[in-house]
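Shown here: query_30.csv, CSV, N, CA and C atoms and all ligand atoms.
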chain,number,residue,atom,x,y,z
A,1,MET,N,91.0,-59.9,35.6
A,1,MET,CA,92.0,-58.8,35.8
A,1,MET,C,91.2,-57.5,35.9
A,2,VAL,N,91.8,-56.6,36.6
A,2,VAL,CA,91.1,-55.3,36.9
A,2,VAL,C,91.8,-54.2,36.0
A,3,CYS,N,91.0,-53.2,35.6
A,3,CYS,CA,91.5,-52.1,34.8
A,3,CYS,C,92.5,-51.3,35.6
A,4,TYR,N,93.7,-51.1,35.1
A,4,TYR,CA,94.7,-50.3,35.8
A,4,TYR,C,94.3,-48.9,36.0
A,5,GLU,N,93.8,-48.2,35.0
A,5,GLU,CA,93.4,-46.8,35.1
A,5,GLU,C,92.3,-46.6,36.2
A,6,CYS,N,91.3,-47.5,36.2
A,6,CYS,CA,90.3,-47.5,37.2
A,6,CYS,C,90.8,-47.7,38.6
A,7,GLN,N,91.8,-48.6,38.7
A,7,GLN,CA,92.3,-48.9,40.0
A,7,GLN,C,93.1,-47.7,40.5
A,8,GLN,N,93.8,-47.0,39.6
A,8,GLN,CA,94.5,-45.8,40.0
A,8,GLN,C,93.5,-44.7,40.6
A,9,ALA,N,92.3,-44.7,40.0
A,9,ALA,CA,91.3,-43.8,40.5
A,9,ALA,C,90.5,-44.3,41.6
A,10,GLY,N,90.9,-45.4,42.2
A,10,GLY,CA,90.2,-46.0,43.4
A,10,GLY,C,89.0,-46.8,43.1
A,11,LYS,N,88.8,-47.1,41.8
A,11,LYS,CA,87.6,-47.9,41.4
A,11,LYS,C,88.1,-49.3,41.0
A,12,SER,N,87.1,-50.2,40.8
A,12,SER,CA,87.5,-51.5,40.3
A,12,SER,C,86.5,-52.0,39.2
A,13,ARG,N,87.1,-52.2,38.0
A,13,ARG,CA,86.3,-52.6,36.9
A,13,ARG,C,87.1,-53.6,36.1
A,14,ASP,N,86.3,-54.6,35.6
A,14,ASP,CA,87.0,-55.7,34.8
A,14,ASP,C,87.6,-55.2,33.6
A,15,ALA,N,88.8,-55.7,33.3
A,15,ALA,CA,89.6,-55.3,32.1
A,15,ALA,C,89.0,-56.1,30.9
A,16,VAL,N,89.0,-55.5,29.7
A,16,VAL,CA,88.6,-56.2,28.5
A,16,VAL,C,89.7,-56.3,27.5
A,17,ALA,N,90.8,-55.5,27.7
A,17,ALA,CA,91.9,-55.5,26.7
A,17,ALA,C,93.2,-55.1,27.4
A,18,LEU,N,94.3,-55.3,26.7
A,18,LEU,CA,95.6,-54.9,27.2
A,18,LEU,C,96.2,-53.8,26.3
A,19,CYS,N,96.9,-52.8,26.9
A,19,CYS,CA,97.6,-51.8,26.1
A,19,CYS,C,98.7,-52.5,25.3
A,20,HIS,N,98.7,-52.3,24.0
A,20,HIS,CA,99.8,-52.9,23.1
A,20,HIS,C,101.2,-52.5,23.6
A,21,HIS,N,101.3,-51.3,24.1
A,21,HIS,CA,102.6,-50.7,24.4
A,21,HIS,C,103.1,-51.0,25.8
A,22,CYS,N,102.2,-50.7,26.8
A,22,CYS,CA,102.7,-50.9,28.2
A,22,CYS,C,102.1,-52.1,28.9
A,23,SER,N,101.2,-52.8,28.2
A,23,SER,CA,100.5,-54.0,28.7
A,23,SER,C,99.6,-53.8,29.9
A,24,ALA,N,99.2,-52.6,30.2
A,24,ALA,CA,98.3,-52.3,31.3
A,24,ALA,C,96.9,-52.9,30.9
A,25,ALA,N,96.2,-53.5,31.8
A,25,ALA,CA,94.9,-54.0,31.6
A,25,ALA,C,93.9,-52.9,31.6
A,26,LEU,N,93.0,-52.9,30.7
A,26,LEU,CA,92.1,-51.7,30.5
A,26,LEU,C,90.6,-52.2,30.4
A,27,CYS,N,89.7,-51.4,31.0
A,27,CYS,CA,88.3,-51.6,30.8
A,27,CYS,C,87.8,-51.0,29.4
A,28,SER,N,86.6,-51.2,29.1
A,28,SER,CA,86.1,-50.8,27.8
A,28,SER,C,86.1,-49.2,27.7
A,29,GLU,N,86.1,-48.6,28.8
A,29,GLU,CA,86.1,-47.1,28.8
A,29,GLU,C,87.5,-46.6,28.5
A,30,HIS,N,88.5,-47.3,29.1
A,30,HIS,CA,89.9,-46.8,29.0
A,30,HIS,C,90.7,-47.4,27.9
A,31,ALA,N,90.2,-48.4,27.3
A,31,ALA,CA,90.9,-49.0,26.1
A,31,ALA,C,90.6,-48.2,24.9
A,32,LEU,N,91.6,-47.7,24.2
A,32,LEU,CA,91.4,-46.9,23.0
A,32,LEU,C,91.7,-47.9,21.8
A,33,VAL,N,90.7,-48.0,20.9
A,33,VAL,CA,90.9,-48.9,19.8
A,33,VAL,C,91.4,-48.1,18.6
A,34,LEU,N,92.5,-48.4,18.1
A,34,LEU,CA,93.0,-47.8,16.9
A,34,LEU,C,93.1,-48.8,15.8
A,35,SER,N,93.3,-48.4,14.6
A,35,SER,CA,93.5,-49.3,13.5
A,35,SER,C,94.9,-49.1,12.9
A,36,ASP,N,95.6,-50.2,12.7
A,36,ASP,CA,97.0,-50.1,12.4
A,36,ASP,C,97.2,-50.5,10.9
A,37,PRO,N,97.8,-49.7,10.1
A,37,PRO,CA,97.9,-50.0,8.7
A,37,PRO,C,98.9,-51.2,8.6
A,38,VAL,N,98.6,-52.1,7.7
A,38,VAL,CA,99.4,-53.3,7.4
A,38,VAL,C,100.1,-53.0,6.0
A,39,THR,N,101.4,-53.1,6.0
A,39,THR,CA,102.1,-52.8,4.8
A,39,THR,C,102.8,-54.1,4.3
A,40,THR,N,103.1,-54.1,3.0
A,40,THR,CA,103.9,-55.2,2.5
A,40,THR,C,104.9,-54.6,1.4
A,41,GLU,N,105.9,-55.3,1.2
A,41,GLU,CA,106.9,-54.8,0.2
A,41,GLU,C,106.7,-55.6,-1.1
A,42,TYR,N,106.6,-54.8,-2.2
A,42,TYR,CA,106.4,-55.4,-3.5
A,42,TYR,C,107.7,-55.3,-4.3
A,43,LEU,N,108.1,-56.2,-5.1
A,43,LEU,CA,109.2,-56.2,-6.0
A,43,LEU,C,110.4,-55.4,-5.4
A,44,MET,N,110.7,-54.3,-6.0
A,44,MET,CA,111.9,-53.5,-5.6
A,44,MET,C,111.6,-52.5,-4.5
A,45,CYS,N,111.3,-53.1,-3.3
A,45,CYS,CA,111.1,-52.2,-2.1
A,45,CYS,C,110.0,-51.2,-2.2
A,46,GLU,N,109.0,-51.5,-3.1
A,46,GLU,CA,107.9,-50.6,-3.1
A,46,GLU,C,106.9,-50.9,-2.0
A,47,ARG,N,106.7,-50.0,-1.1
A,47,ARG,CA,105.8,-50.3,0.1
A,47,ARG,C,104.4,-50.0,-0.2
A,48,VAL,N,103.5,-51.0,0.0
A,48,VAL,CA,102.1,-50.9,-0.3
A,48,VAL,C,101.3,-51.0,1.0
A,49,VAL,N,100.3,-50.2,1.2
A,49,VAL,CA,99.4,-50.3,2.4
A,49,VAL,C,98.3,-51.2,1.9
A,50,LEU,N,98.1,-52.3,2.6
A,50,LEU,CA,97.0,-53.2,2.3
A,50,LEU,C,95.6,-52.7,2.8
A,51,PRO,N,94.6,-53.1,2.1
A,51,PRO,CA,93.2,-52.6,2.4
A,51,PRO,C,92.7,-52.8,3.8
A,52,LEU,N,93.0,-53.9,4.4
A,52,LEU,CA,92.5,-54.2,5.8
A,52,LEU,C,93.5,-53.7,6.8
A,53,ARG,N,92.9,-53.1,7.9
A,53,ARG,CA,93.8,-52.6,9.0
A,53,ARG,C,93.7,-53.5,10.2
A,54,ALA,N,94.7,-53.7,10.9
A,54,ALA,CA,94.8,-54.5,12.1
A,54,ALA,C,94.2,-53.7,13.3
A,55,ARG,N,93.7,-54.4,14.3
A,55,ARG,CA,93.2,-53.7,15.5
A,55,ARG,C,94.3,-53.6,16.5
A,56,PHE,N,94.2,-52.5,17.3
A,56,PHE,CA,95.3,-52.1,18.1
A,56,PHE,C,94.8,-51.4,19.3
A,57,PHE,N,95.1,-51.9,20.5
A,57,PHE,CA,94.6,-51.3,21.7
A,57,PHE,C,95.7,-50.5,22.4
A,58,LEU,N,95.3,-49.3,22.9
A,58,LEU,CA,96.3,-48.5,23.6
A,58,LEU,C,95.6,-47.9,24.8
A,59,CYS,N,96.4,-47.6,25.9
A,59,CYS,CA,95.9,-46.8,27.0
A,59,CYS,C,96.0,-45.3,26.7
A,60,GLY,N,95.4,-44.5,27.4
A,60,GLY,CA,95.5,-43.0,27.1
A,60,GLY,C,96.9,-42.5,27.2
A,61,THR,N,97.6,-43.0,28.2
A,61,THR,CA,99.0,-42.5,28.4
A,61,THR,C,99.9,-42.8,27.2
A,62,CYS,N,99.8,-44.1,26.7
A,62,CYS,CA,100.7,-44.5,25.6
A,62,CYS,C,100.2,-43.8,24.3
A,63,ARG,N,98.9,-43.7,24.2
A,63,ARG,CA,98.3,-43.0,23.0
A,63,ARG,C,98.9,-41.6,22.8
A,64,GLU,N,98.9,-40.8,23.9
A,64,GLU,CA,99.4,-39.5,23.9
A,64,GLU,C,100.9,-39.5,23.6
A,65,ALA,N,101.6,-40.4,24.2
A,65,ALA,CA,103.1,-40.4,24.1
A,65,ALA,C,103.4,-40.8,22.6
A,66,LEU,N,102.8,-41.8,22.1
A,66,LEU,CA,103.1,-42.3,20.7
A,66,LEU,C,102.7,-41.4,19.7
A,67,ARG,N,101.7,-40.6,19.9
A,67,ARG,CA,101.1,-39.6,19.0
A,67,ARG,C,102.2,-38.6,18.6
A,68,GLN,N,103.1,-38.3,19.5
A,68,GLN,CA,104.2,-37.4,19.3
A,68,GLN,C,105.0,-37.8,18.1
A,69,LYS,N,105.1,-39.2,18.0
A,69,LYS,CA,106.0,-39.7,16.9
A,69,LYS,C,105.2,-40.1,15.7
A,70,PHE,N,104.0,-40.7,15.8
A,70,PHE,CA,103.3,-41.2,14.7
A,70,PHE,C,102.3,-40.1,14.1
A,71,ASP,N,101.7,-39.4,14.9
A,71,ASP,CA,100.7,-38.4,14.6
A,71,ASP,C,99.6,-39.1,13.7
A,72,ASN,N,99.6,-38.8,12.4
A,72,ASN,CA,98.5,-39.3,11.6
A,72,ASN,C,98.6,-40.7,11.1
A,73,TYR,N,99.7,-41.3,11.5
A,73,TYR,CA,100.0,-42.6,11.0
A,73,TYR,C,98.9,-43.7,11.4
A,74,ARG,N,98.6,-43.6,12.7
A,74,ARG,CA,97.6,-44.5,13.2
A,74,ARG,C,96.3,-43.7,13.4
A,75,GLU,N,95.2,-44.2,12.7
A,75,GLU,CA,93.9,-43.5,12.8
A,75,GLU,C,93.0,-44.2,13.8
A,76,GLU,N,92.1,-43.4,14.3
A,76,GLU,CA,91.0,-44.0,15.1
A,76,GLU,C,90.3,-45.0,14.3
A,77,ALA,N,89.8,-46.1,14.9
A,77,ALA,CA,89.0,-47.1,14.2
A,77,ALA,C,87.7,-46.5,13.6
A,78,THR,N,87.2,-45.4,14.2
A,78,THR,CA,86.0,-44.7,13.8
A,78,THR,C,86.3,-43.6,12.8
A,79,ALA,N,87.5,-43.6,12.2
A,79,ALA,CA,87.9,-42.5,11.3
A,79,ALA,C,86.9,-42.4,10.2
A,80,PRO,N,86.6,-41.2,9.6
A,80,PRO,CA,85.6,-41.0,8.6
A,80,PRO,C,85.9,-41.9,7.4
A,81,ALA,N,87.1,-42.1,7.0
A,81,ALA,CA,87.5,-42.9,5.8
A,81,ALA,C,86.9,-44.3,6.0
A,82,VAL,N,87.0,-44.9,7.2
A,82,VAL,CA,86.6,-46.3,7.4
A,82,VAL,C,85.1,-46.3,7.4
A,83,THR,N,84.4,-45.3,8.0
A,83,THR,CA,83.0,-45.3,8.0
A,83,THR,C,82.4,-45.1,6.6
A,84,ALA,N,83.1,-44.3,5.8
A,84,ALA,CA,82.6,-44.0,4.5
A,84,ALA,C,82.7,-45.3,3.6
A,85,ARG,N,83.7,-46.1,3.8
A,85,ARG,CA,83.9,-47.3,3.0
A,85,ARG,C,82.8,-48.3,3.4
A,86,VAL,N,82.5,-48.4,4.7
A,86,VAL,CA,81.4,-49.3,5.1
A,86,VAL,C,80.1,-48.9,4.5
A,87,GLN,N,79.8,-47.6,4.5
A,87,GLN,CA,78.6,-47.2,3.9
A,87,GLN,C,78.5,-47.5,2.4
A,88,GLU,N,79.6,-47.3,1.7
A,88,GLU,CA,79.7,-47.6,0.3
A,88,GLU,C,79.4,-49.1,0.0
A,89,GLU,N,80.0,-50.0,0.9
A,89,GLU,CA,79.8,-51.4,0.7
A,89,GLU,C,78.3,-51.7,0.9
A,90,HIS,N,77.7,-51.0,2.0
A,90,HIS,CA,76.3,-51.3,2.3
A,90,HIS,C,75.4,-50.8,1.2
A,91,ALA,N,75.7,-49.7,0.6
A,91,ALA,CA,75.0,-49.2,-0.5
A,91,ALA,C,75.0,-50.1,-1.8
A,92,ALA,N,76.2,-50.6,-2.0
A,92,ALA,CA,76.5,-51.5,-3.1
A,92,ALA,C,75.7,-52.8,-3.0
A,93,SER,N,75.5,-53.3,-1.8
A,93,SER,CA,74.8,-54.6,-1.6
A,93,SER,C,73.3,-54.3,-1.6
A,94,ALA,N,72.8,-53.1,-1.5
A,94,ALA,CA,71.3,-52.8,-1.4
A,94,ALA,C,70.7,-52.8,-2.8
A,101,ZN,ZN,89.0,-48.4,33.4
A,102,ZN,ZN,99.8,-48.2,27.7
Would you mind giving the structure from this file in structure tokens?
Ligand SMILES: [Zn+2]
Ligand SMILES: [Zn+2]
Amino acid sequence: MVCYECQQAGKSRDAVALCHHCSAALCSEHALVLSDPVTTEYLMCERVVLPLRARFFLCGTCREALRQKFDNYREEATAPAVTARVQEEHAASA
């Protein structure tokens, strides 16, 4: 499959992912990787965010559109909080 965004720009590049929202095929440059919080309900409707986050691909168009609604809800996979946790784990094992 060919990247939809590249095709629109008159280029042809292999797709590596699909946008979760519009299902457009995307190359590694146009696929935006976000991390999606996974929540669960405990006892009396208490909502808890679990430690591991799910992977989530979006195209630029859907990312901008959904941001209006979610804003800080979905963070970039490279968010400082995630990086910091990896470094802590690394330091702990050293
Ligand atoms: Zn592309
Ligand atoms: Zn999309």
Expected answer as a list in words: residues within 7 Å of ligand ZN 102 (chain A), only N, CA and C atoms and all ligand atoms: Leu18, Cys19, His20, His21, Cys22, Ser23, Ala24, Leu58, Cys59, Gly60, Thr61, Cys62 and Arg63 of chain A
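Those residues of stretch 3-64 of chain A that DSSP, working from the backbone, places in strand (DSSP E) are A:Ala17, A:Leu18, A:Ala25, A:Leu26, A:Leu32, A:Val33, A:Leu34, A:Ser35, A:Asp36, A:Pro37, A:Val38, A:Thr39, A:Thr40, A:Glu41, A:Tyr42, A:Glu46, A:Arg47, A:Val48, A:Val49, A:Leu50, A:Pro51, A:Leu52, A:Arg53, A:Ala54, A:Arg55, A:Phe56, A:Phe57, A:Leu58.
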Please dump the current selection as a compact mmCIF listing (two decimals), in the frame of the given file; keep N, CA and C atoms.
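Contents of the output file part_32.txt:
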# COMPACT_ATOMS: atom_id res chain seq x y z
N ALA A 17 90.80 -55.50 27.70
CA ALA A 17 91.90 -55.50 26.70
C ALA A 17 93.20 -55.10 27.40
N LEU A 18 94.30 -55.30 26.70
CA LEU A 18 95.60 -54.90 27.20
C LEU A 18 96.20 -53.80 26.30
N ALA A 25 96.20 -53.50 31.80
CA ALA A 25 94.90 -54.00 31.60
C ALA A 25 93.90 -52.90 31.60
N LEU A 26 93.00 -52.90 30.70
CA LEU A 26 92.10 -51.70 30.50
C LEU A 26 90.60 -52.20 30.40
N LEU A 32 91.60 -47.70 24.20
CA LEU A 32 91.40 -46.90 23.00
C LEU A 32 91.70 -47.90 21.80
N VAL A 33 90.70 -48.00 20.90
CA VAL A 33 90.90 -48.90 19.80
C VAL A 33 91.40 -48.10 18.60
N LEU A 34 92.50 -48.40 18.10
CA LEU A 34 93.00 -47.80 16.90
C LEU A 34 93.10 -48.80 15.80
N SER A 35 93.30 -48.40 14.60
CA SER A 35 93.50 -49.30 13.50
C SER A 35 94.90 -49.10 12.90
N ASP A 36 95.60 -50.20 12.70
CA ASP A 36 97.00 -50.10 12.40
C ASP A 36 97.20 -50.50 10.90
N PRO A 37 97.80 -49.70 10.10
CA PRO A 37 97.90 -50.00 8.70
C PRO A 37 98.90 -51.20 8.60
N VAL A 38 98.60 -52.10 7.70
CA VAL A 38 99.40 -53.30 7.40
C VAL A 38 100.10 -53.00 6.00
N THR A 39 101.40 -53.10 6.00
CA THR A 39 102.10 -52.80 4.80
C THR A 39 102.80 -54.10 4.30
N THR A 40 103.10 -54.10 3.00
CA THR A 40 103.90 -55.20 2.50
C THR A 40 104.90 -54.60 1.40
N GLU A 41 105.90 -55.30 1.20
CA GLU A 41 106.90 -54.80 0.20
C GLU A 41 106.70 -55.60 -1.10
N TYR A 42 106.60 -54.80 -2.20
CA TYR A 42 106.40 -55.40 -3.50
C TYR A 42 107.70 -55.30 -4.30
N GLU A 46 109.00 -51.50 -3.10
CA GLU A 46 107.90 -50.60 -3.10
C GLU A 46 106.90 -50.90 -2.00
N ARG A 47 106.70 -50.00 -1.10
CA ARG A 47 105.80 -50.30 0.10
C ARG A 47 104.40 -50.00 -0.20
N VAL A 48 103.50 -51.00 0.00
CA VAL A 48 102.10 -50.90 -0.30
C VAL A 48 101.30 -51.00 1.00
N VAL A 49 100.30 -50.20 1.20
CA VAL A 49 99.40 -50.30 2.40
C VAL A 49 98.30 -51.20 1.90
N LEU A 50 98.10 -52.30 2.60
CA LEU A 50 97.00 -53.20 2.30
C LEU A 50 95.60 -52.70 2.80
N PRO A 51 94.60 -53.10 2.10
CA PRO A 51 93.20 -52.60 2.40
C PRO A 51 92.70 -52.80 3.80
N LEU A 52 93.00 -53.90 4.40
CA LEU A 52 92.50 -54.20 5.80
C LEU A 52 93.50 -53.70 6.80
N ARG A 53 92.90 -53.10 7.90
CA ARG A 53 93.80 -52.60 9.00
C ARG A 53 93.70 -53.50 10.20
N ALA A 54 94.70 -53.70 10.90
CA ALA A 54 94.80 -54.50 12.10
C ALA A 54 94.20 -53.70 13.30
N ARG A 55 93.70 -54.40 14.30
CA ARG A 55 93.20 -53.70 15.50
C ARG A 55 94.30 -53.60 16.50
N PHE A 56 94.20 -52.50 17.30
CA PHE A 56 95.30 -52.10 18.10
C PHE A 56 94.80 -51.40 19.30
N PHE A 57 95.10 -51.90 20.50
CA PHE A 57 94.60 -51.30 21.70
C PHE A 57 95.70 -50.50 22.40
N LEU A 58 95.30 -49.30 22.90
CA LEU A 58 96.30 -48.50 23.60
C LEU A 58 95.60 -47.90 24.80
Contacts between ligand ZN 101 (chain A) and chain A, please, where a residue of chain A counts if it comes within 7 Å (with all atoms listed in the file); show its shortest atom pair and distance in Å to one decimal, rows by chain and ascending number, as CSV.
residue,atom,partner,partner_atom,distance
A:Val2,C,A:ZN101,ZN,6.9
A:Cys3,CA,A:ZN101,ZN,4.7
A:Tyr4,N,A:ZN101,ZN,5.7
A:Glu5,C,A:ZN101,ZN,4.7
A:Cys6,N,A:ZN101,ZN,3.7
A:Gln7,N,A:ZN101,ZN,6.0
A:Arg13,CA,A:ZN101,ZN,6.1
A:Asp14,C,A:ZN101,ZN,6.9
A:Ala25,C,A:ZN101,ZN,6.9
A:Leu26,C,A:ZN101,ZN,5.1
A:Cys27,N,A:ZN101,ZN,3.9
A:Ser28,N,A:ZN101,ZN,5.7
A:Glu29,C,A:ZN101,ZN,5.4
A:His30,N,A:ZN101,ZN,4.5
A:Ala31,N,A:ZN101,ZN,6.2
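The space between atom N of A:Thr39 and atom C of A:Lys69 spans 16.7 Å.
For the pair atom CA of A:Phe57 and atom CA of A:Pro37, the separation is 13.5 Å.
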A straight line from atom CA of A:Ala54 to atom C of A:Leu32 spans 12.1 Å
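Nearest to A:Ser35 of all the residues A:Arg47, A:Arg53, A:Ala15, A:Gln68 is A:Arg53, based on all atoms listed in the file.
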Check the smallest atom-to-atom distance from each of A:Val16, A:Leu43, A:Leu52, A:Leu34 to A:Met1 using only C-alpha atoms, then report the winner. A:Val16
So that I can check the surroundings of A:Val48, please list as an MDAnalysis selection string every protein, DNA and RNA residue that reaches within 6 Å of it, counting all atoms listed in the file and ignoring chain neighbours fewer than 4 positions away. chainID A and resid 38:42
